[in-house]
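S.K.: As input, take run.tsv (TSV, C-alpha atoms):
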chain	number	residue	atom	x	y	z
A	1	MET	CA	13.05	35.25	-13.54
A	2	ARG	CA	12.03	31.97	-15.19
A	3	SER	CA	9.10	32.02	-17.64
A	4	TYR	CA	6.36	29.41	-17.70
A	5	GLY	CA	4.43	28.06	-20.66
A	6	PHE	CA	1.16	26.20	-20.12
A	7	VAL	CA	-0.14	23.60	-22.55
A	8	GLY	CA	-3.79	23.28	-21.63
A	9	THR	CA	-5.80	26.10	-20.11
A	10	GLY	CA	-8.41	24.54	-17.85
A	11	GLU	CA	-9.38	25.15	-14.26
A	12	LEU	CA	-6.16	23.66	-12.88
A	13	THR	CA	-4.00	25.90	-15.05
A	14	ALA	CA	-6.13	28.86	-13.98
A	15	ALA	CA	-5.53	28.05	-10.32
A	16	ILE	CA	-1.75	27.75	-10.74
A	17	VAL	CA	-1.52	30.92	-12.82
A	18	GLU	CA	-3.58	32.88	-10.32
A	19	GLY	CA	-1.28	31.79	-7.50
A	20	LEU	CA	1.83	32.43	-9.58
A	21	SER	CA	0.77	35.90	-10.55
A	22	THR	CA	1.31	37.31	-7.07
A	23	ASP	CA	5.04	37.02	-7.91
A	24	ALA	CA	4.50	38.09	-11.54
A	25	PRO	CA	6.76	35.71	-13.50
A	26	GLU	CA	6.15	35.68	-17.25
A	27	VAL	CA	3.35	33.25	-18.11
A	28	PHE	CA	2.48	32.13	-21.63
A	29	LEU	CA	-0.81	30.32	-22.15
A	30	SER	CA	-1.95	28.05	-24.92
A	31	PRO	CA	-5.26	29.09	-26.51
A	32	ARG	CA	-7.02	25.76	-25.91
A	33	ASN	CA	-9.67	27.32	-23.63
A	34	GLU	CA	-10.06	30.81	-25.02
A	35	LYS	CA	-12.39	32.07	-22.30
A	36	ILE	CA	-10.15	31.05	-19.38
A	37	ALA	CA	-6.97	32.13	-21.15
A	38	HIS	CA	-8.21	35.61	-22.02
A	39	ASP	CA	-9.77	36.08	-18.59
A	40	LEU	CA	-6.40	35.35	-16.96
A	41	ALA	CA	-4.61	37.71	-19.38
A	42	ALA	CA	-7.11	40.45	-18.60
A	43	ARG	CA	-6.63	40.03	-14.86
A	44	PHE	CA	-2.85	39.67	-14.70
A	45	PRO	CA	-0.37	41.83	-16.63
A	46	ASN	CA	2.29	39.09	-16.58
A	47	VAL	CA	0.07	36.66	-18.53
A	48	ARG	CA	0.06	36.40	-22.34
A	49	VAL	CA	-2.17	34.26	-24.56
A	50	CYS	CA	-0.26	32.61	-27.40
A	51	GLY	CA	-1.53	31.70	-30.82
A	52	SER	CA	-0.71	28.00	-30.39
A	53	ASN	CA	0.65	25.42	-27.99
A	54	GLN	CA	3.99	25.57	-29.84
A	55	GLU	CA	4.28	29.32	-29.32
A	56	ALA	CA	3.75	28.84	-25.56
A	57	LEU	CA	6.70	26.40	-25.60
A	58	ASP	CA	8.88	28.64	-27.75
A	59	ARG	CA	8.51	31.58	-25.38
A	60	ALA	CA	9.00	29.68	-22.09
A	61	THR	CA	11.84	27.96	-20.27
A	62	ALA	CA	9.61	25.69	-18.19
A	63	VAL	CA	6.54	23.97	-19.66
A	64	VAL	CA	3.54	22.82	-17.63
A	65	VAL	CA	1.43	20.21	-19.40
A	66	ALA	CA	-2.15	20.22	-18.07
A	67	VAL	CA	-4.40	18.56	-20.61
A	68	ARG	CA	-6.81	15.65	-20.25
A	69	PRO	CA	-5.08	12.23	-20.13
A	70	GLN	CA	-7.10	11.05	-23.12
A	71	ILE	CA	-5.49	13.61	-25.44
A	72	ALA	CA	-2.10	14.14	-23.76
A	73	ARG	CA	-0.10	11.84	-26.03
A	74	GLU	CA	-1.62	13.32	-29.19
A	75	VAL	CA	-1.03	16.90	-28.03
A	76	LEU	CA	2.59	16.30	-26.97
A	77	ALA	CA	3.45	14.38	-30.14
A	78	GLU	CA	2.65	17.51	-32.18
A	79	LEU	CA	5.05	19.77	-30.23
A	80	THR	CA	8.77	20.45	-30.61
A	81	PHE	CA	10.64	20.76	-27.32
A	82	ARG	CA	14.10	22.20	-26.74
A	83	PRO	CA	16.83	20.31	-24.85
A	84	GLU	CA	16.85	22.96	-22.11
A	85	HIS	CA	13.10	22.80	-21.45
A	86	VAL	CA	11.99	21.63	-18.02
A	87	VAL	CA	8.72	19.75	-18.57
A	88	VAL	CA	6.27	19.50	-15.67
A	89	SER	CA	3.34	17.19	-16.32
A	90	ALA	CA	0.09	17.50	-14.39
A	91	VAL	CA	-1.43	14.66	-16.43
A	92	ALA	CA	-2.49	11.48	-14.64
A	93	ALA	CA	-1.77	8.06	-16.14
A	94	VAL	CA	1.13	9.12	-18.40
A	95	THR	CA	4.37	7.73	-16.98
A	96	LEU	CA	7.77	9.38	-16.84
A	97	ALA	CA	9.08	6.94	-19.44
A	98	GLU	CA	6.28	7.85	-21.85
A	99	LEU	CA	6.70	11.55	-21.19
A	100	ARG	CA	10.44	11.43	-21.86
A	101	ASP	CA	9.81	9.80	-25.21
A	102	LEU	CA	7.17	12.37	-26.11
A	103	VAL	CA	9.15	15.48	-25.12
A	104	ALA	CA	12.65	14.50	-26.31
A	105	PRO	CA	15.18	16.09	-26.63
A	106	ALA	CA	14.09	17.66	-23.31
A	107	THR	CA	15.31	15.40	-20.51
A	108	ARG	CA	14.22	17.12	-17.29
A	109	VAL	CA	10.71	15.76	-16.81
A	110	VAL	CA	8.62	15.85	-13.64
A	111	ARG	CA	5.20	14.42	-12.86
A	112	SER	CA	3.07	16.45	-10.47
A	113	ILE	CA	-0.34	16.63	-8.77
A	114	PRO	CA	-1.09	20.33	-8.19
A	115	LEU	CA	-4.38	21.10	-6.47
A	116	PRO	CA	-7.02	23.83	-6.96
A	117	PRO	CA	-5.99	25.70	-3.75
A	118	ALA	CA	-2.93	26.77	-5.75
A	119	SER	CA	-5.06	29.81	-6.61
A	120	ARG	CA	-4.65	31.05	-3.03
A	121	ARG	CA	-1.12	29.64	-2.69
A	122	ALA	CA	-2.32	26.76	-0.52
A	123	SER	CA	-1.72	23.69	-2.71
A	124	ARG	CA	0.28	20.80	-1.35
A	125	THR	CA	1.72	19.51	-4.60
A	126	ALA	CA	3.04	15.97	-4.82
A	127	MET	CA	5.75	15.67	-7.48
A	128	TYR	CA	8.35	13.17	-8.65
A	129	PRO	CA	11.24	13.27	-9.17
A	130	ASP	CA	12.50	16.23	-7.18
A	131	ASP	CA	13.65	19.05	-9.46
A	132	ALA	CA	14.74	22.56	-8.51
A	133	VAL	CA	12.70	24.27	-11.23
A	134	ALA	CA	9.50	22.32	-10.55
A	135	ARG	CA	9.96	22.77	-6.80
A	136	ALA	CA	10.38	26.54	-7.23
A	137	LEU	CA	7.19	26.64	-9.32
A	138	PHE	CA	5.06	24.78	-6.82
A	139	GLU	CA	6.51	26.46	-3.76
A	140	ARG	CA	5.21	29.70	-5.25
A	141	VAL	CA	1.68	28.31	-4.95
A	142	GLY	CA	1.93	26.32	-1.70
A	143	ASP	CA	4.25	23.60	-0.50
A	144	VAL	CA	5.66	20.40	-1.95
A	145	VAL	CA	5.83	16.72	-1.04
A	146	VAL	CA	8.13	14.34	-2.94
A	147	PRO	CA	7.18	10.63	-2.65
A	148	ALA	CA	9.85	7.94	-2.63
A	149	ASP	CA	9.22	6.85	-6.23
A	150	GLU	CA	6.84	7.06	-9.17
A	151	GLN	CA	4.69	4.23	-7.84
A	152	ALA	CA	4.11	6.15	-4.61
A	153	LEU	CA	3.20	9.23	-6.66
A	154	ALA	CA	0.48	7.17	-8.35
A	155	THR	CA	-0.98	6.44	-4.92
A	156	PHE	CA	-1.17	10.18	-4.20
A	157	SER	CA	-2.93	10.63	-7.52
A	158	ALA	CA	-5.48	7.93	-6.72
A	159	ALA	CA	-6.19	9.54	-3.34
A	160	THR	CA	-7.12	12.83	-5.02
A	161	ALA	CA	-9.83	10.97	-6.96
A	162	THR	CA	-11.91	11.02	-3.75
A	163	PHE	CA	-12.59	14.78	-3.85
A	164	SER	CA	-15.89	14.70	-5.71
A	165	ALA	CA	-17.13	11.73	-3.64
A	166	HIS	CA	-16.70	13.75	-0.44
A	167	LEU	CA	-18.41	16.78	-1.93
A	168	ASP	CA	-21.19	14.61	-3.33
A	169	GLN	CA	-21.83	13.21	0.15
A	170	LEU	CA	-22.15	16.77	1.47
A	171	ALA	CA	-24.56	17.54	-1.38
A	172	THR	CA	-26.61	14.48	-0.38
A	173	ILE	CA	-26.72	15.67	3.24
A	174	ALA	CA	-27.76	19.17	2.13
A	175	GLY	CA	-30.52	17.65	0.00
A	176	TRP	CA	-31.71	15.59	2.96
A	177	MET	CA	-31.83	18.73	5.12
A	178	ALA	CA	-33.91	20.48	2.44
A	179	GLU	CA	-36.31	17.52	2.36
A	180	HIS	CA	-36.81	18.08	6.08
A	181	GLY	CA	-37.76	21.72	5.77
A	182	VAL	CA	-34.45	23.59	5.70
A	183	ALA	CA	-34.05	26.21	2.97
A	184	PRO	CA	-31.55	24.82	0.40
A	185	ALA	CA	-29.32	27.90	0.63
A	186	ASP	CA	-29.22	27.57	4.41
A	187	ALA	CA	-28.38	23.86	4.17
A	188	ASP	CA	-25.54	24.48	1.69
A	189	GLY	CA	-24.21	27.41	3.69
A	190	TYR	CA	-24.32	25.55	6.99
A	191	LEU	CA	-22.48	22.50	5.69
A	192	ALA	CA	-19.92	24.61	3.81
A	193	HIS	CA	-19.18	26.45	7.05
A	194	VAL	CA	-19.07	23.37	9.28
A	195	PHE	CA	-16.84	21.33	7.00
A	196	GLY	CA	-14.76	24.35	6.00
A	197	GLU	CA	-13.93	24.87	9.67
A	198	LEU	CA	-13.31	21.15	10.06
A	199	GLY	CA	-10.79	21.47	7.24
A	200	ARG	CA	-8.99	24.21	9.17
A	201	THR	CA	-8.87	21.93	12.20
A	202	LEU	CA	-7.59	19.11	10.04
A	203	ALA	CA	-4.84	21.25	8.52
A	204	GLY	CA	-3.53	22.22	11.95
A	205	PHE	CA	-3.85	18.82	13.64
A	206	GLY	CA	-0.62	17.05	14.45
A	207	GLY	CA	-1.97	13.55	15.05
A	208	THR	CA	-3.37	10.85	12.78
A	209	LEU	CA	-6.64	11.04	10.89
A	210	GLY	CA	-7.98	8.15	12.96
A	211	GLU	CA	-7.27	10.07	16.17
A	212	LEU	CA	-9.05	13.13	14.82
A	213	ALA	CA	-12.09	11.03	13.88
A	214	ARG	CA	-12.28	9.66	17.42
A	215	LYS	CA	-12.07	13.19	18.85
A	216	HIS	CA	-15.28	14.01	16.97
A	217	GLU	CA	-17.41	11.27	18.44
A	218	THR	CA	-18.43	9.89	21.81
A	219	PRO	CA	-19.17	6.21	22.52
A	220	GLY	CA	-22.82	5.58	21.77
A	221	GLY	CA	-23.27	9.10	20.37
A	222	ILE	CA	-24.84	10.25	17.11
A	223	ASN	CA	-21.51	10.73	15.28
A	224	GLU	CA	-20.58	7.13	16.05
A	225	GLN	CA	-24.06	5.99	14.99
A	226	PHE	CA	-23.82	7.64	11.57
A	227	ARG	CA	-20.21	6.58	10.98
A	228	THR	CA	-21.14	2.97	11.70
A	229	ALA	CA	-24.14	3.16	9.38
A	230	VAL	CA	-22.22	4.41	6.34
A	231	ARG	CA	-18.75	2.97	6.87
A	232	ASP	CA	-17.70	0.54	4.17
A	233	PRO	CA	-13.89	0.47	4.17
A	234	GLU	CA	-13.58	-2.47	1.77
A	235	ARG	CA	-15.66	-0.69	-0.83
A	236	VAL	CA	-13.48	2.41	-0.45
A	237	ARG	CA	-10.30	0.34	-0.80
A	238	LYS	CA	-11.69	-1.45	-3.86
A	239	GLY	CA	-12.56	1.89	-5.47
A	240	LEU	CA	-9.09	3.25	-4.77
A	241	ASP	CA	-7.43	0.09	-6.09
A	242	ASP	CA	-9.38	0.46	-9.34
A	243	VAL	CA	-8.38	4.12	-9.68
A	244	LEU	CA	-4.75	3.28	-8.90
A	245	ALA	CA	-4.70	0.64	-11.64
A	246	ARG	CA	-6.02	3.22	-14.10
A	247	VAL	CA	-3.46	5.82	-13.01
A	248	LYS	CA	-0.69	3.25	-13.54
A	249	GLY	CA	-2.08	2.47	-16.98
A	250	GLN	CA	-2.96	-1.11	-16.06
Please rewrite the model in this file as structure tokens.
M.R.:
Amino acid sequence: MRSYGFVGTGELTAAIVEGLSTDAPEVFLSPRNEKIAHDLAARFPNVRVCGSNQEALDRATAVVVAVRPQIAREVLAELTFRPEHVVVSAVAAVTLAELRDLVAPATRVVRSIPLPPASRRASRTAMYPDDAVARALFERVGDVVVPADEQALATFSAATATFSAHLDQLATIAGWMAEHGVAPADADGYLAHVFGELGRTLAGFGGTLGELARKHETPGGINEQFRTAVRDPERVRKGLDDVLARVKGQ
């Protein structure tokens, strides 16, 4: 069974490792976040915490790089890769060309966008290019989508930047409910349930997102009223364009 080394031990690494550990491959963690790393090692017998990033590489055949974009180049430049390493980057805004320079003599390099539901084996991971080792990794924690090229992968990455905006809108709605006399815990719990179930509907829907939106409103109804009040598609597109430029390093 292939072994995996993780450079960077944040929440995303924790999610992937938790999902992976149901199959119990060998996992070697860097010590960058001691609390998360040791918690994972305590929970899963297949997980080991290494003394350094380099040790995690030395003990693994596939390397997952999951550090902040701001420090990725510095961290990778300090490491020595082997030609047979398969390097899977979960770092936004560092291109394949840059990665190949940083991890030489390793040549099998993949960019990826794993998601937090990897912890329950429900991530849909976008990755490019297709690679058997990377695909096997991410199919252990969900399923995989391979865009046509690296530019398309950047678009997937930009789309994931909307997560906190959606959650922040729900937090705003919960706060508004509390201002109108609803207990905060009840407001949070109600919205988490309603939108959690909407997510289940969304996951099983075979049509377009526009069709699903129309199924949840009636002409002249309150859903249509609120959608019309807050809809600002040009602002959304402008925000996504700005994120996409950053992801592409422009």
S.K.: Which segment 118-152 of chain A residues have any atom within 10 Å of an atom of segment 15-24 of chain A, and for each, what is the nearest pair of atoms with distance in Å to one decimal, counting all atoms listed in the file, rows sorted by chain and number, as CSV?
M.R.:
residue,atom,partner,partner_atom,distance
A:Ala118,CA,A:Ile16,CA,5.2
A:Ser119,CA,A:Ala15,CA,4.1
A:Arg120,CA,A:Gly19,CA,5.6
A:Arg121,CA,A:Gly19,CA,5.3
A:Ala122,CA,A:Gly19,CA,8.7
A:Ser123,CA,A:Ile16,CA,9.0
A:Leu137,CA,A:Leu20,CA,7.9
A:Phe138,CA,A:Ile16,CA,8.4
A:Glu139,CA,A:Leu20,CA,9.6
A:Arg140,CA,A:Leu20,CA,6.1
A:Val141,CA,A:Gly19,CA,5.2
A:Gly142,CA,A:Gly19,CA,8.6
S.K.: Determine the nearest neighbour of Asp149 of chain A from the options A:Met127, A:Ala187, A:Ala213, A:Leu40, counting only C-alpha atoms.
M.R.: A:Met127
S.K.: Mind checking which residues fall within 8 Å of Asp130 of chain A, counting only C-alpha atoms, ignoring those fewer than 3 positions away in the same chain, and posting them as a compact mmCIF listing (two decimals) with C-alpha atoms, in the coordinates of the input?
M.R.:
# COMPACT_ATOMS: atom_id res chain seq x y z
CA VAL A 110 8.62 15.85 -13.64
CA MET A 127 5.75 15.67 -7.48
CA ALA A 134 9.50 22.32 -10.55
CA ARG A 135 9.96 22.77 -6.80
CA VAL A 146 8.13 14.34 -2.94
S.K.: Pick the closest to Arg124 of chain A from A:Gln151, A:Thr160, A:Thr107, A:Thr172: which is it, counting all atoms listed in the file?
M.R.: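 For Arg124 of chain A, the nearest of the candidates is A:Thr160.
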S.K.: Quick one: residues within 7 Å of Val63 of chain A, only C-alpha atoms counted, chain neighbours fewer than 4 positions away excluded, as a compact mmCIF listing (two decimals) with C-alpha atoms, in the frame of the given file?
M.R.:
# COMPACT_ATOMS: atom_id res chain seq x y z
CA TYR A 4 6.36 29.41 -17.70
CA GLY A 5 4.43 28.06 -20.66
CA PHE A 6 1.16 26.20 -20.12
CA LEU A 57 6.70 26.40 -25.60
CA HIS A 85 13.10 22.80 -21.45
CA VAL A 86 11.99 21.63 -18.02
CA VAL A 87 8.72 19.75 -18.57
CA VAL A 88 6.27 19.50 -15.67
S.K.: What's the separation between atom CA of Leu198 of chain A and atom CA of Thr125 of chain A, in Å to one decimal place?
M.R.: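 Atom-to-atom, atom CA of Leu198 of chain A to atom CA of Thr125 of chain A, that is 21.1 Å.
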S.K.: Because some atoms of segment 23-38 of chain A are absent here, can you restore N, CA, C and O atoms and send them as a compact mmCIF listing (two decimals), keeping the file's coordinate frame?
M.R.:
# COMPACT_ATOMS: atom_id res chain seq x y z
N ASP A 23 3.60 36.76 -7.75
CA ASP A 23 5.04 37.02 -7.91
C ASP A 23 5.38 37.57 -9.30
O ASP A 23 6.51 37.98 -9.54
N ALA A 24 4.39 37.52 -10.19
CA ALA A 24 4.50 38.09 -11.54
C ALA A 24 5.63 37.55 -12.40
O ALA A 24 6.31 38.31 -13.10
N PRO A 25 5.87 36.23 -12.46
CA PRO A 25 6.76 35.71 -13.50
C PRO A 25 6.04 35.77 -14.85
O PRO A 25 4.81 35.89 -14.90
N GLU A 26 6.78 35.70 -15.94
CA GLU A 26 6.15 35.68 -17.25
C GLU A 26 5.43 34.36 -17.46
O GLU A 26 5.99 33.28 -17.24
N VAL A 27 4.18 34.43 -17.88
CA VAL A 27 3.35 33.25 -18.11
C VAL A 27 2.79 33.31 -19.52
O VAL A 27 2.20 34.32 -19.92
N PHE A 28 2.98 32.23 -20.26
CA PHE A 28 2.48 32.13 -21.63
C PHE A 28 1.49 30.98 -21.72
O PHE A 28 1.82 29.84 -21.40
N LEU A 29 0.27 31.30 -22.14
CA LEU A 29 -0.81 30.32 -22.15
C LEU A 29 -1.12 29.85 -23.56
O LEU A 29 -1.13 30.64 -24.51
N SER A 30 -1.42 28.56 -23.66
CA SER A 30 -1.95 28.05 -24.92
C SER A 30 -3.39 28.54 -25.07
O SER A 30 -4.04 28.89 -24.09
N PRO A 31 -3.91 28.56 -26.28
CA PRO A 31 -5.26 29.09 -26.51
C PRO A 31 -6.35 28.03 -26.44
O PRO A 31 -7.45 28.26 -26.94
N ARG A 32 -6.07 26.88 -25.83
CA ARG A 32 -7.02 25.76 -25.91
C ARG A 32 -8.38 26.12 -25.30
O ARG A 32 -9.41 25.70 -25.80
N ASN A 33 -8.41 26.84 -24.20
CA ASN A 33 -9.67 27.32 -23.63
C ASN A 33 -9.62 28.84 -23.70
O ASN A 33 -9.06 29.50 -22.82
N GLU A 34 -10.20 29.39 -24.74
CA GLU A 34 -10.06 30.81 -25.02
C GLU A 34 -10.62 31.67 -23.90
O GLU A 34 -10.03 32.68 -23.50
N LYS A 35 -11.75 31.26 -23.34
CA LYS A 35 -12.39 32.07 -22.30
C LYS A 35 -11.49 32.18 -21.07
O LYS A 35 -11.24 33.28 -20.54
N ILE A 36 -11.00 31.03 -20.57
CA ILE A 36 -10.15 31.05 -19.38
C ILE A 36 -8.85 31.79 -19.67
O ILE A 36 -8.39 32.62 -18.86
N ALA A 37 -8.24 31.51 -20.82
CA ALA A 37 -6.97 32.13 -21.15
C ALA A 37 -7.09 33.65 -21.20
O ALA A 37 -6.27 34.37 -20.61
N HIS A 38 -8.09 34.16 -21.88
CA HIS A 38 -8.21 35.61 -22.02
C HIS A 38 -8.66 36.26 -20.72
O HIS A 38 -8.28 37.41 -20.44
